[in-house]
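Peer 1: The structure follows.
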Amino acid sequence: MKRKDTKRSADRSHSVRPVNFQKTKNAKRLNKKQLTQSLMDVLQENPKKIFNPRQLASALALHTTGERQLLASVLDGLVLQEVVDEVEPNRFKLNVRSGYIEGVVDRRSNGKTYLLPDDGGSPVFIAERRLRHALNNDRVRVFLYALPPGHEPEGEVVEILKRAQDTFVGVLQVARNYAFLRVDNKILTNDIFIPVDNLHGGKDGQKAIVRIVEWGISDRNPIGEVVDILGNVGDNNTEMHAILAEFGLPYKYPEALELAADRIKDDLTPEEFSKRRDMRSVPTFTIDPRDAKDFDDALSIQRLDNGHWEVGVHIADVTHYVTPGSPIDEEAQRRATSVYLVDRTIPMLPEHLCNELCSLRPNEEKLAFSVVFELDDEANVQQYEICRTVIRSDRRFAYEEAQEIIEGAEGDMRHEILQLDALAKKLRERRFRNGAISFESSEVRFEIDEKGKPLSVYFKESKDANKLIEEFMLLANRTVATHIGKPGKGQKAKTFVYRVHDSPDPQKFKTFSDFVRKFGYRLKTTGKASDISGSLNDLLAQVDGKPEANLVQSVAVRSMAKAIYTTTNIGHYGLAFDFYTHFTSPIRRYPDMMVHRLLERYLQGGKSVSANECEELCDHCSAMEQLAASAERASIKYKQVEFMSGQIGRVFDGVISGITEWGVYVEINENKCEGMIPVRELGDDYYVLDEKNYCLVGKRRHRKFQLGDPITVRVSKTNLEKKQLDFSLADNF
């Protein structure tokens with residue numbers, strides 16, 4: 001007996017720890033479900049070990065005859081369910097039916113962690129103690145437990161295959177001989193320990209970026225070093241840079257590449273012009289946001305002798321200046337997209353290229369890649385040409401200026417703008433008739449002072465001037481994709497970059513239909529695609545202008561698949577296009593640069609490129625696009641909370657925008673700022689989540705808080721560091 005104890009202490013990998021659960025004095029009170037779970041904990045922590053009943057009773061701290069009888073009953077049941085193998089009489093072992101799987105860690109807002117398997121199977125729950133320091137989005141290998149039928153899959157991490165990130169943003173807490181980086185516990189549950197030699201000038205209370213350099217399995221806290229000091233908490237630049245860093249996005253451009261871009265000369269020579277279609281004499285203009293500097297698209301229009309209209313969609317010829325494999329190209333490829341935060345743009349390309357050399361500025365000769373259409377009065381395309389051009393923009397319009405002309409004001413190029421607007425309206429009407437979906441939610445914008453402080457909130461609406469530009473960009477993108485993706489008879493389509501949007505998952509769409517029924521709306525979920533999209537458009541039109549409009553639109557978008565870049569064309573569901581790509585914004589999107597290069601290659605008779613290499617780049621660009629969108633949302637949320645910090649105590653009308661077991665989310669009607677009423681603030685009752693009916697219900701007084709209900713709230717607390725806004729109920733009950 002003594003030798004066994006010695007061996008157990010020396011070989012800890014084979015030890016069995018007693019399960020820590022509260023034992024009852026009376027066997028009849030012992031919970032069978034609790035005992036089953038505790039038994040599974042022991043077996044799962046020792047998946048290769050064979051136990052006899054005495055060893056299991058010892059590990060479970062079972063001492064009475066009744067408890068041992070209950071254990072025997074539980075074992076018999078698990079053997080019958082094939083969860084446990086009886087390898088020999090009275091010798092039991094976990095039945096490892098599913099072995100090992102790989103996937104990505106998904107840490108959810110409720111604090112629970114799951115594995116999203118590579119094979120697309122059901123998410124696998126991973127308890128905190130079984131993560132082995134795996135973090136959100138890490139690729140891991142997981143041992144999948146055998147569980148009784150009806151239980152959600154469960155497992156434990158056995159190997160971290162690839163870290164999603166090794167740097168983290170937080171606030172430094174500096175003591176005399178050591179420091180910690182305090183990180184949002186939704187991202188990292190353990191603060192990072194920093195030896196004083198690794199502080200590199202960081203001071204207490206500053207925001208910093210820290211890289212994890214060591215994290216042993218038995219260590220509670222990772223060890224790190226400061227790689228950059230962002231500045232003081234609350235400073236606008238600090239906070240915006242912190243948001244970018246949190247998503248692994250760059251917040252400054254490499255100085256060496258800025259200098260390299262400055263050395264690129266404008267190639268406006270007669271020799272270059274001779275290779276291009278000269279469109280400098282055609283009336284041409286740009287329409288962009290008032291504060292834009294990178295004008296990457298222009299429109300031209302002139303009447304042809306046959307009565308048709310020649311409309312040119314001219315796109316900045318970025319790839320003429322940025323060569324494949326150059327340092328500037330490699331940096332653009334890494335970034336994949338420009339990032340638009342509330343108060344700034346983090347460009348994909350150096351400023352000299354995006355704001356000067358490539359920008360289609362007025363009264364300057366510029367190189368462009370163009371799609372030139374011949375349209376009849378009904379906006380039907382009679383023919384088109386995809387070609388490189390040289391253009392000269394006659395006028396730069398802000399959207400507001402063009403809109404005033406469309407609404408009847410006099411102004412420059414009035415005839416051209418009105419004619420393009422008339423053609424765009426016909427293109428738009430036809431597109432929706434063919435099944436396109438109309439998502440037109442308002443965009444939140446802020447009036448900001450020189451220090452970045454938000455002074456007011458307003459909404460950017462898409463008006464006719466915006467839609468004019470949108471329709472011709474859509475037409476150009478669609479035409480380019482069709483030109484390559486649908487070649488002539490007997491020809492095979494070459495590898496290309498498509499922007500695709502899959503049809504919605506039927507179950508998600510059914511859930512969305514059930515959701516809108518709570519508001520009294522009906523949504524068709526079966527039948528022809530055009531019937532379904534038409535029903536959705538009718539719904540969006542019905543909710544427009546109502547308190548629940550933003551909520552319904554948001555849930556509708558979430559029920560849809562995400563648009564991505566890929567070489568495999570499946571069409572674009574939301575636009576109702578069989579072929580679609582991104583050609584019109586190479587200054588701010590790398591896929592557009594890819595499209596320009598492929599177009600040039602194929603127009604010159606070049607062979608098809610490698611689909612695998614192209615697909616890898618498409619995957620990267622899709623992932624970076626999602627990160628950029630997340631960073632933009634985070635910056636909006638930060639400014640909303642900052643703005644509302646000056647509204648403490650004020651009362652607002654809103655709508656319930658989310659229901660969880662820990663509280664009710666409310667979106668304020670006036671400014672679309674969203675905050676939460678913690679469940680503890682809901683009054684003197686115990687509230688239960690009714691997921692099926694999207695509501696919280698009080699058990700005693702039966703008060704109901706339902707998604708979409710109007711509600712009046714008082715701003716009670718703001719937390720800028722966590723981007724949290726707390727409300728309380730404004731009414732008494």
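Letters A, B, ... mark the chains of the structure tokens in the order given; residue numbers begin at 1 per chain; ligand numbers begin at 1, in order shown.
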Write out as an MDAnalysis selection string all residues of range 174-310 of chain A that backbone DSSP assigns to helix (DSSP H, G or I).
Peer 2: chainID A and resid 196:198 236:246 255:262 270:274
Peer 1: Tell me which protein, DNA and RNA residues are within 10 Å of Leu357 in chain A, counting only C-alpha atoms, leaving out same-chain ones fewer than 2 positions away, and put them as a list in words.
Peer 2: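 In the requested format, the answer is Ala261, Asp262, Ile264, Lys265, Asp266, Asp267, Asp294, Ala316, Asp317, Val318, Tyr321, Glu351, His352, Leu353, Cys354, Asn355, Ser359, Leu360, Arg361, Lys366 and Leu367 of chain A.
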Peer 1: Contacts of range 667-679 of chain A at 9 Å or less, counting only C-alpha atoms, minus same-chain residues fewer than 6 places along, as a ChimeraX atom specification?
Peer 2: /A:444,456-459,547,550-551,637,640-641,644,652-658,660-661,686-687,712-713,715,724-729
Peer 1: Could you pull out the strand (DSSP E or B) residues of range 221-335 of chain A, going by DSSP on the backbone, and write them as a ChimeraX atom specification?
Peer 2: /A:223-232,277-278,284-288,297-303,309-316
Peer 1: Taking only C-alpha atoms into account, which of A:Asp538, A:Glu67, A:Glu461, A:Glu272 comes nearest Ala436 in chain A?
Peer 2: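 With only C-alpha atoms as the atom set, the closest residue is A:Asp538.
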Peer 1: For range 520-533 of chain A, list every protein, DNA or RNA residue within 8 Å, evaluated using only C-alpha atoms, and leave out those in the same chain fewer than 5 positions away; present the list as a CSV table (one decimal) with N, CA and C atoms, in the first residue's frame.
Peer 2:
chain,number,residue,atom,x,y,z
A,434,ASN,N,-35.7,42.4,-60.5
A,434,ASN,CA,-35.1,41.1,-60.7
A,434,ASN,C,-34.7,40.3,-59.4
A,435,GLY,N,-35.1,41.0,-58.3
A,435,GLY,CA,-34.9,40.2,-57.0
A,435,GLY,C,-33.8,40.8,-56.1
A,436,ALA,N,-33.2,41.9,-56.4
A,436,ALA,CA,-32.3,42.5,-55.4
A,436,ALA,C,-33.0,42.9,-54.1
A,437,ILE,N,-32.2,42.9,-53.0
A,437,ILE,CA,-32.8,43.2,-51.7
A,437,ILE,C,-32.3,44.6,-51.3
A,506,PRO,N,-31.8,28.4,-44.6
A,506,PRO,CA,-33.3,28.3,-44.4
A,506,PRO,C,-33.7,28.4,-43.0
A,509,PHE,N,-33.4,32.0,-41.7
A,509,PHE,CA,-34.4,32.8,-42.3
A,509,PHE,C,-35.8,32.5,-41.7
A,510,LYS,N,-36.0,31.2,-41.4
A,510,LYS,CA,-37.3,30.8,-40.7
A,510,LYS,C,-37.3,31.5,-39.3
A,513,SER,N,-38.2,35.0,-39.7
A,513,SER,CA,-39.6,35.1,-40.0
A,513,SER,C,-40.5,35.1,-38.8
A,539,LEU,N,-41.3,43.8,-46.5
A,539,LEU,CA,-41.2,44.0,-45.1
A,539,LEU,C,-40.3,45.2,-44.7
Peer 1: Expressed in Å to a single decimal, how great is the separation between CA of Gly488 in chain A and CA of Tyr602 in chain A?
Peer 2: 13.7 Å
Peer 1: Tell me, as a PyMOL selection string, which residues lie within 10 Å of range 97-107 of chain A, counting only C-alpha atoms; anything in the same chain fewer than 2 positions away does not count.
Peer 2: chain A and resi 82-84+94-95+109-121+123-126+131+134-147+155-164+186-188
Peer 1: Mind dumping the selected residues with N, CA and C atoms as a short mmCIF file (atom, residue, chain, number, x, y, z; two decimals), in the first residue's frame?
Peer 2:
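File produced: part_21.cif:
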data_model
loop_
_atom_site.label_atom_id
_atom_site.label_comp_id
_atom_site.auth_asym_id
_atom_site.auth_seq_id
_atom_site.Cartn_x
_atom_site.Cartn_y
_atom_site.Cartn_z
N GLU A 82 -23.17 2.98 -24.07
CA GLU A 82 -21.87 2.89 -24.74
C GLU A 82 -21.01 4.13 -24.53
N VAL A 83 -21.30 4.84 -23.46
CA VAL A 83 -20.44 5.96 -23.08
C VAL A 83 -19.22 5.45 -22.33
N VAL A 84 -19.41 4.36 -21.56
CA VAL A 84 -18.33 3.72 -20.81
C VAL A 84 -18.20 2.28 -21.28
N LEU A 94 -13.43 5.01 -20.13
CA LEU A 94 -14.18 5.91 -21.01
C LEU A 94 -14.14 5.38 -22.44
N ASN A 95 -15.29 5.34 -23.08
CA ASN A 95 -15.35 4.93 -24.49
C ASN A 95 -15.06 6.16 -25.35
N SER A 109 -19.95 35.93 -25.77
CA SER A 109 -20.19 37.06 -24.87
C SER A 109 -20.70 36.62 -23.50
N ASN A 110 -21.28 35.42 -23.42
CA ASN A 110 -21.77 34.93 -22.13
C ASN A 110 -20.67 34.28 -21.29
N GLY A 111 -19.41 34.30 -21.80
CA GLY A 111 -18.28 33.76 -21.06
C GLY A 111 -17.98 32.31 -21.37
N LYS A 112 -18.86 31.62 -22.08
CA LYS A 112 -18.62 30.22 -22.42
C LYS A 112 -17.74 30.11 -23.66
N THR A 113 -17.00 29.02 -23.73
CA THR A 113 -16.06 28.83 -24.83
C THR A 113 -16.39 27.55 -25.59
N TYR A 114 -16.33 27.64 -26.91
CA TYR A 114 -16.64 26.50 -27.77
C TYR A 114 -15.54 26.32 -28.82
N LEU A 115 -15.45 25.11 -29.34
CA LEU A 115 -14.63 24.84 -30.52
C LEU A 115 -15.56 24.82 -31.73
N LEU A 116 -15.19 25.57 -32.78
CA LEU A 116 -15.91 25.50 -34.04
C LEU A 116 -15.13 24.55 -34.93
N PRO A 117 -15.60 23.31 -35.10
CA PRO A 117 -14.82 22.29 -35.81
C PRO A 117 -14.60 22.64 -37.28
N ASP A 118 -13.42 22.23 -37.80
CA ASP A 118 -13.11 22.46 -39.21
C ASP A 118 -14.10 21.77 -40.13
N ASP A 119 -14.66 20.64 -39.67
CA ASP A 119 -15.56 19.87 -40.53
C ASP A 119 -16.97 20.43 -40.56
N GLY A 120 -17.19 21.55 -39.86
CA GLY A 120 -18.50 22.18 -39.88
C GLY A 120 -19.51 21.56 -38.94
N GLY A 121 -19.08 20.61 -38.08
CA GLY A 121 -19.98 19.96 -37.15
C GLY A 121 -20.43 20.87 -36.03
N PRO A 123 -20.80 22.88 -32.58
CA PRO A 123 -19.80 23.45 -31.66
C PRO A 123 -19.58 22.54 -30.46
N VAL A 124 -18.34 22.50 -29.98
CA VAL A 124 -17.96 21.64 -28.86
C VAL A 124 -17.64 22.52 -27.65
N PHE A 125 -18.36 22.32 -26.57
CA PHE A 125 -18.13 23.10 -25.35
C PHE A 125 -16.80 22.72 -24.71
N ILE A 126 -16.05 23.73 -24.27
CA ILE A 126 -14.79 23.50 -23.58
C ILE A 126 -14.81 24.28 -22.27
N LEU A 131 -9.02 24.51 -21.18
CA LEU A 131 -8.60 25.27 -22.36
C LEU A 131 -7.09 25.22 -22.60
N ALA A 134 -5.69 28.22 -24.26
CA ALA A 134 -6.13 28.57 -25.61
C ALA A 134 -7.02 29.81 -25.54
N LEU A 135 -6.89 30.69 -26.53
CA LEU A 135 -7.61 31.96 -26.54
C LEU A 135 -8.54 32.03 -27.75
N ASN A 136 -9.38 33.05 -27.74
CA ASN A 136 -10.35 33.22 -28.82
C ASN A 136 -9.67 33.24 -30.19
N ASN A 137 -10.23 32.49 -31.12
CA ASN A 137 -9.78 32.39 -32.51
C ASN A 137 -8.50 31.58 -32.70
N ASP A 138 -7.93 31.02 -31.62
CA ASP A 138 -6.78 30.11 -31.78
C ASP A 138 -7.23 28.85 -32.51
N ARG A 139 -6.34 28.31 -33.34
CA ARG A 139 -6.59 26.98 -33.93
C ARG A 139 -6.03 25.94 -32.98
N VAL A 140 -6.86 24.95 -32.63
CA VAL A 140 -6.47 23.99 -31.60
C VAL A 140 -6.86 22.57 -32.00
N ARG A 141 -6.25 21.61 -31.29
CA ARG A 141 -6.63 20.21 -31.39
C ARG A 141 -7.33 19.85 -30.08
N VAL A 142 -8.48 19.22 -30.20
CA VAL A 142 -9.33 18.97 -29.04
C VAL A 142 -9.64 17.48 -28.93
N PHE A 143 -9.56 16.99 -27.70
CA PHE A 143 -10.00 15.62 -27.40
C PHE A 143 -11.49 15.68 -27.13
N LEU A 144 -12.27 14.97 -27.93
CA LEU A 144 -13.72 15.01 -27.83
C LEU A 144 -14.21 13.90 -26.91
N TYR A 145 -14.92 14.28 -25.85
CA TYR A 145 -15.41 13.32 -24.88
C TYR A 145 -16.59 12.52 -25.43
N ALA A 146 -16.71 11.29 -24.97
CA ALA A 146 -17.92 10.51 -25.23
C ALA A 146 -18.93 10.85 -24.14
N LEU A 147 -20.10 11.30 -24.55
CA LEU A 147 -21.12 11.73 -23.60
C LEU A 147 -22.43 11.01 -23.88
N GLY A 155 -15.34 18.76 -24.85
CA GLY A 155 -13.99 18.27 -24.99
C GLY A 155 -12.99 19.13 -24.26
N GLU A 156 -11.70 18.82 -24.48
CA GLU A 156 -10.64 19.62 -23.88
C GLU A 156 -9.52 19.81 -24.88
N VAL A 157 -8.87 20.96 -24.80
CA VAL A 157 -7.76 21.28 -25.69
C VAL A 157 -6.55 20.43 -25.31
N VAL A 158 -5.96 19.78 -26.32
CA VAL A 158 -4.73 19.01 -26.09
C VAL A 158 -3.53 19.65 -26.76
N GLU A 159 -3.78 20.55 -27.72
CA GLU A 159 -2.65 21.21 -28.39
C GLU A 159 -3.13 22.51 -29.05
N ILE A 160 -2.35 23.56 -28.87
CA ILE A 160 -2.62 24.82 -29.56
C ILE A 160 -1.81 24.80 -30.85
N LEU A 161 -2.50 24.74 -31.99
CA LEU A 161 -1.83 24.60 -33.29
C LEU A 161 -1.33 25.94 -33.81
N LYS A 162 -2.14 26.99 -33.61
CA LYS A 162 -1.73 28.31 -34.10
C LYS A 162 -2.44 29.39 -33.30
N ARG A 163 -1.65 30.29 -32.74
CA ARG A 163 -2.22 31.41 -32.01
C ARG A 163 -2.81 32.42 -32.98
N ALA A 164 -4.01 32.90 -32.67
CA ALA A 164 -4.61 33.95 -33.48
C ALA A 164 -3.89 35.27 -33.25
N LYS A 186 -13.03 39.61 -21.43
CA LYS A 186 -13.68 38.91 -22.53
C LYS A 186 -12.65 38.42 -23.55
N ILE A 187 -11.47 39.04 -23.52
CA ILE A 187 -10.42 38.68 -24.46
C ILE A 187 -9.41 37.76 -23.81
N LEU A 188 -8.99 38.10 -22.59
CA LEU A 188 -7.97 37.35 -21.87
C LEU A 188 -8.34 37.36 -20.40
#
Peer 1: Kindly give the distance, in Å, that separates CA of Val372 in chain A and CA of Gly312 in chain A, rounded to a single decimal.
Peer 2: 4.2 Å
Peer 1: So how many Å separate CA of Gly683 in chain A and CA of Phe515 in chain A, to one decimal?
Peer 2: 26.3 Å
Peer 1: Need the shell around Ile212 in chain A: protein/DNA/RNA residues with any atom at most 12 Å away, counting only C-alpha atoms. Skip same-chain ones fewer than 2 positions apart. Format as a PyMOL selection string?
Peer 2: chain A and resi 133+163+165-169+180-181+188+190-195+198+209-210+214-216+221-227
Peer 1: Next, dump the selected residues to file, keeping only N, CA and C atoms, as a CSV table (one decimal), in the first residue's frame.
Peer 2:
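Saved to again10.csv:
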chain,number,residue,atom,x,y,z
A,133,HIS,N,-4.9,27.3,-21.8
A,133,HIS,CA,-4.5,28.7,-22.2
A,133,HIS,C,-4.8,29.0,-23.6
A,163,ARG,N,-1.7,30.3,-32.7
A,163,ARG,CA,-2.2,31.4,-32.0
A,163,ARG,C,-2.8,32.4,-33.0
A,165,GLN,N,-3.4,35.5,-32.0
A,165,GLN,CA,-2.7,36.7,-31.7
A,165,GLN,C,-1.8,36.4,-30.5
A,166,ASP,N,-0.6,37.2,-30.5
A,166,ASP,CA,0.2,37.1,-29.4
A,166,ASP,C,0.5,38.4,-28.7
A,167,THR,N,-0.2,39.5,-29.3
A,167,THR,CA,-0.1,40.8,-28.7
A,167,THR,C,-1.5,41.2,-28.2
A,168,PHE,N,-1.5,42.0,-27.1
A,168,PHE,CA,-2.7,42.4,-26.5
A,168,PHE,C,-2.7,43.8,-26.0
A,169,VAL,N,-3.8,44.5,-26.0
A,169,VAL,CA,-3.9,45.9,-25.6
A,169,VAL,C,-4.6,45.9,-24.2
A,180,PHE,N,1.8,44.6,-14.4
A,180,PHE,CA,0.8,43.8,-15.1
A,180,PHE,C,0.1,44.6,-16.2
A,181,LEU,N,-0.3,43.9,-17.3
A,181,LEU,CA,-1.2,44.6,-18.3
A,181,LEU,C,-2.6,44.0,-18.0
A,188,LEU,N,-9.0,38.1,-22.6
A,188,LEU,CA,-8.0,37.3,-21.9
A,188,LEU,C,-8.3,37.4,-20.4
A,190,ASN,N,-6.7,36.3,-17.8
A,190,ASN,CA,-5.6,36.5,-16.9
A,190,ASN,C,-4.8,37.7,-17.3
A,191,ASP,N,-4.5,38.6,-16.4
A,191,ASP,CA,-3.6,39.7,-16.7
A,191,ASP,C,-2.2,39.2,-17.1
A,192,ILE,N,-1.5,40.0,-17.9
A,192,ILE,CA,-0.2,39.6,-18.3
A,192,ILE,C,0.9,40.2,-17.4
A,193,PHE,N,1.7,39.3,-16.8
A,193,PHE,CA,2.8,39.7,-15.9
A,193,PHE,C,3.9,40.2,-16.7
A,194,ILE,N,4.4,41.4,-16.3
A,194,ILE,CA,5.5,42.0,-17.1
A,194,ILE,C,6.7,42.3,-16.1
A,195,PRO,N,7.8,41.6,-16.3
A,195,PRO,CA,9.0,41.9,-15.5
A,195,PRO,C,9.4,43.4,-15.8
A,198,ASN,N,11.1,44.5,-18.9
A,198,ASN,CA,10.3,44.4,-20.1
A,198,ASN,C,9.3,45.5,-20.3
A,209,ILE,N,0.7,48.1,-25.8
A,209,ILE,CA,0.6,46.8,-26.5
A,209,ILE,C,1.7,45.9,-25.9
A,210,VAL,N,1.3,44.7,-25.5
A,210,VAL,CA,2.2,43.8,-24.9
A,210,VAL,C,2.2,42.5,-25.6
A,214,GLU,N,5.9,34.1,-22.9
A,214,GLU,CA,6.0,32.7,-22.3
A,214,GLU,C,4.7,32.5,-21.5
A,215,TRP,N,4.2,31.3,-21.6
A,215,TRP,CA,3.0,30.9,-20.8
A,215,TRP,C,3.0,29.4,-20.6
A,216,GLY,N,3.6,29.0,-19.5
A,216,GLY,CA,3.6,27.6,-19.2
A,216,GLY,C,2.3,27.1,-18.8
A,221,ASN,N,-0.6,33.2,-15.0
A,221,ASN,CA,-0.5,34.4,-15.8
A,221,ASN,C,0.6,34.2,-16.9
A,222,PRO,N,0.3,34.7,-18.1
A,222,PRO,CA,1.4,34.7,-19.1
A,222,PRO,C,2.4,35.8,-18.8
A,223,ILE,N,3.6,35.7,-19.3
A,223,ILE,CA,4.7,36.6,-19.1
A,223,ILE,C,4.8,37.4,-20.4
A,224,GLY,N,4.9,38.7,-20.4
A,224,GLY,CA,5.0,39.5,-21.6
A,224,GLY,C,6.0,40.6,-21.5
A,225,GLU,N,6.1,41.3,-22.7
A,225,GLU,CA,6.9,42.5,-22.8
A,225,GLU,C,6.2,43.6,-23.6
A,226,VAL,N,6.4,44.8,-23.2
A,226,VAL,CA,5.8,46.0,-23.9
A,226,VAL,C,6.5,46.1,-25.2
A,227,VAL,N,5.6,46.2,-26.3
A,227,VAL,CA,6.1,46.4,-27.6
A,227,VAL,C,5.8,47.8,-28.2
Peer 1: Can you pull out every residue within 8 Å of Asn232 in chain A, counting only C-alpha atoms, but drop anything in the same chain fewer than 2 positions away, and send it as an mmCIF file with N, CA and C atoms, in the first residue's frame?
Peer 2:
data_model
loop_
_atom_site.group_PDB
_atom_site.id
_atom_site.type_symbol
_atom_site.label_atom_id
_atom_site.label_comp_id
_atom_site.auth_asym_id
_atom_site.auth_seq_id
_atom_site.Cartn_x
_atom_site.Cartn_y
_atom_site.Cartn_z
ATOM 1 N N GLY A 205 -0.947 53.253 -15.600
ATOM 2 C CA GLY A 205 -2.139 53.885 -16.132
ATOM 3 C C GLY A 205 -2.128 54.124 -17.625
ATOM 4 N N GLN A 206 -0.991 53.873 -18.295
ATOM 5 C CA GLN A 206 -0.947 54.069 -19.741
ATOM 6 C C GLN A 206 -1.500 52.851 -20.480
ATOM 7 N N LYS A 207 -2.017 53.104 -21.672
ATOM 8 C CA LYS A 207 -2.402 52.002 -22.546
ATOM 9 C C LYS A 207 -1.175 51.565 -23.337
ATOM 10 N N LEU A 230 0.886 53.254 -26.248
ATOM 11 C CA LEU A 230 -0.083 53.994 -27.049
ATOM 12 C C LEU A 230 -0.366 55.385 -26.494
ATOM 13 N N GLY A 234 -7.980 57.591 -22.362
ATOM 14 C CA GLY A 234 -8.920 58.672 -22.611
ATOM 15 C C GLY A 234 -8.503 59.617 -23.715
ATOM 16 N N ASP A 235 -7.209 59.646 -24.044
ATOM 17 C CA ASP A 235 -6.754 60.471 -25.157
ATOM 18 C C ASP A 235 -7.303 59.880 -26.456
ATOM 19 N N THR A 238 -4.933 57.788 -28.576
ATOM 20 C CA THR A 238 -4.645 56.550 -27.846
ATOM 21 C C THR A 238 -5.765 55.544 -28.026
#
Peer 1: So which one's closest to Ser38 in chain A, A:Ile50, A:Ala398, A:Ala59, A:Ala629? Using only C-alpha atoms, please.
Peer 2: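 Under the stated criterion, the closest residue is A:Ala59.
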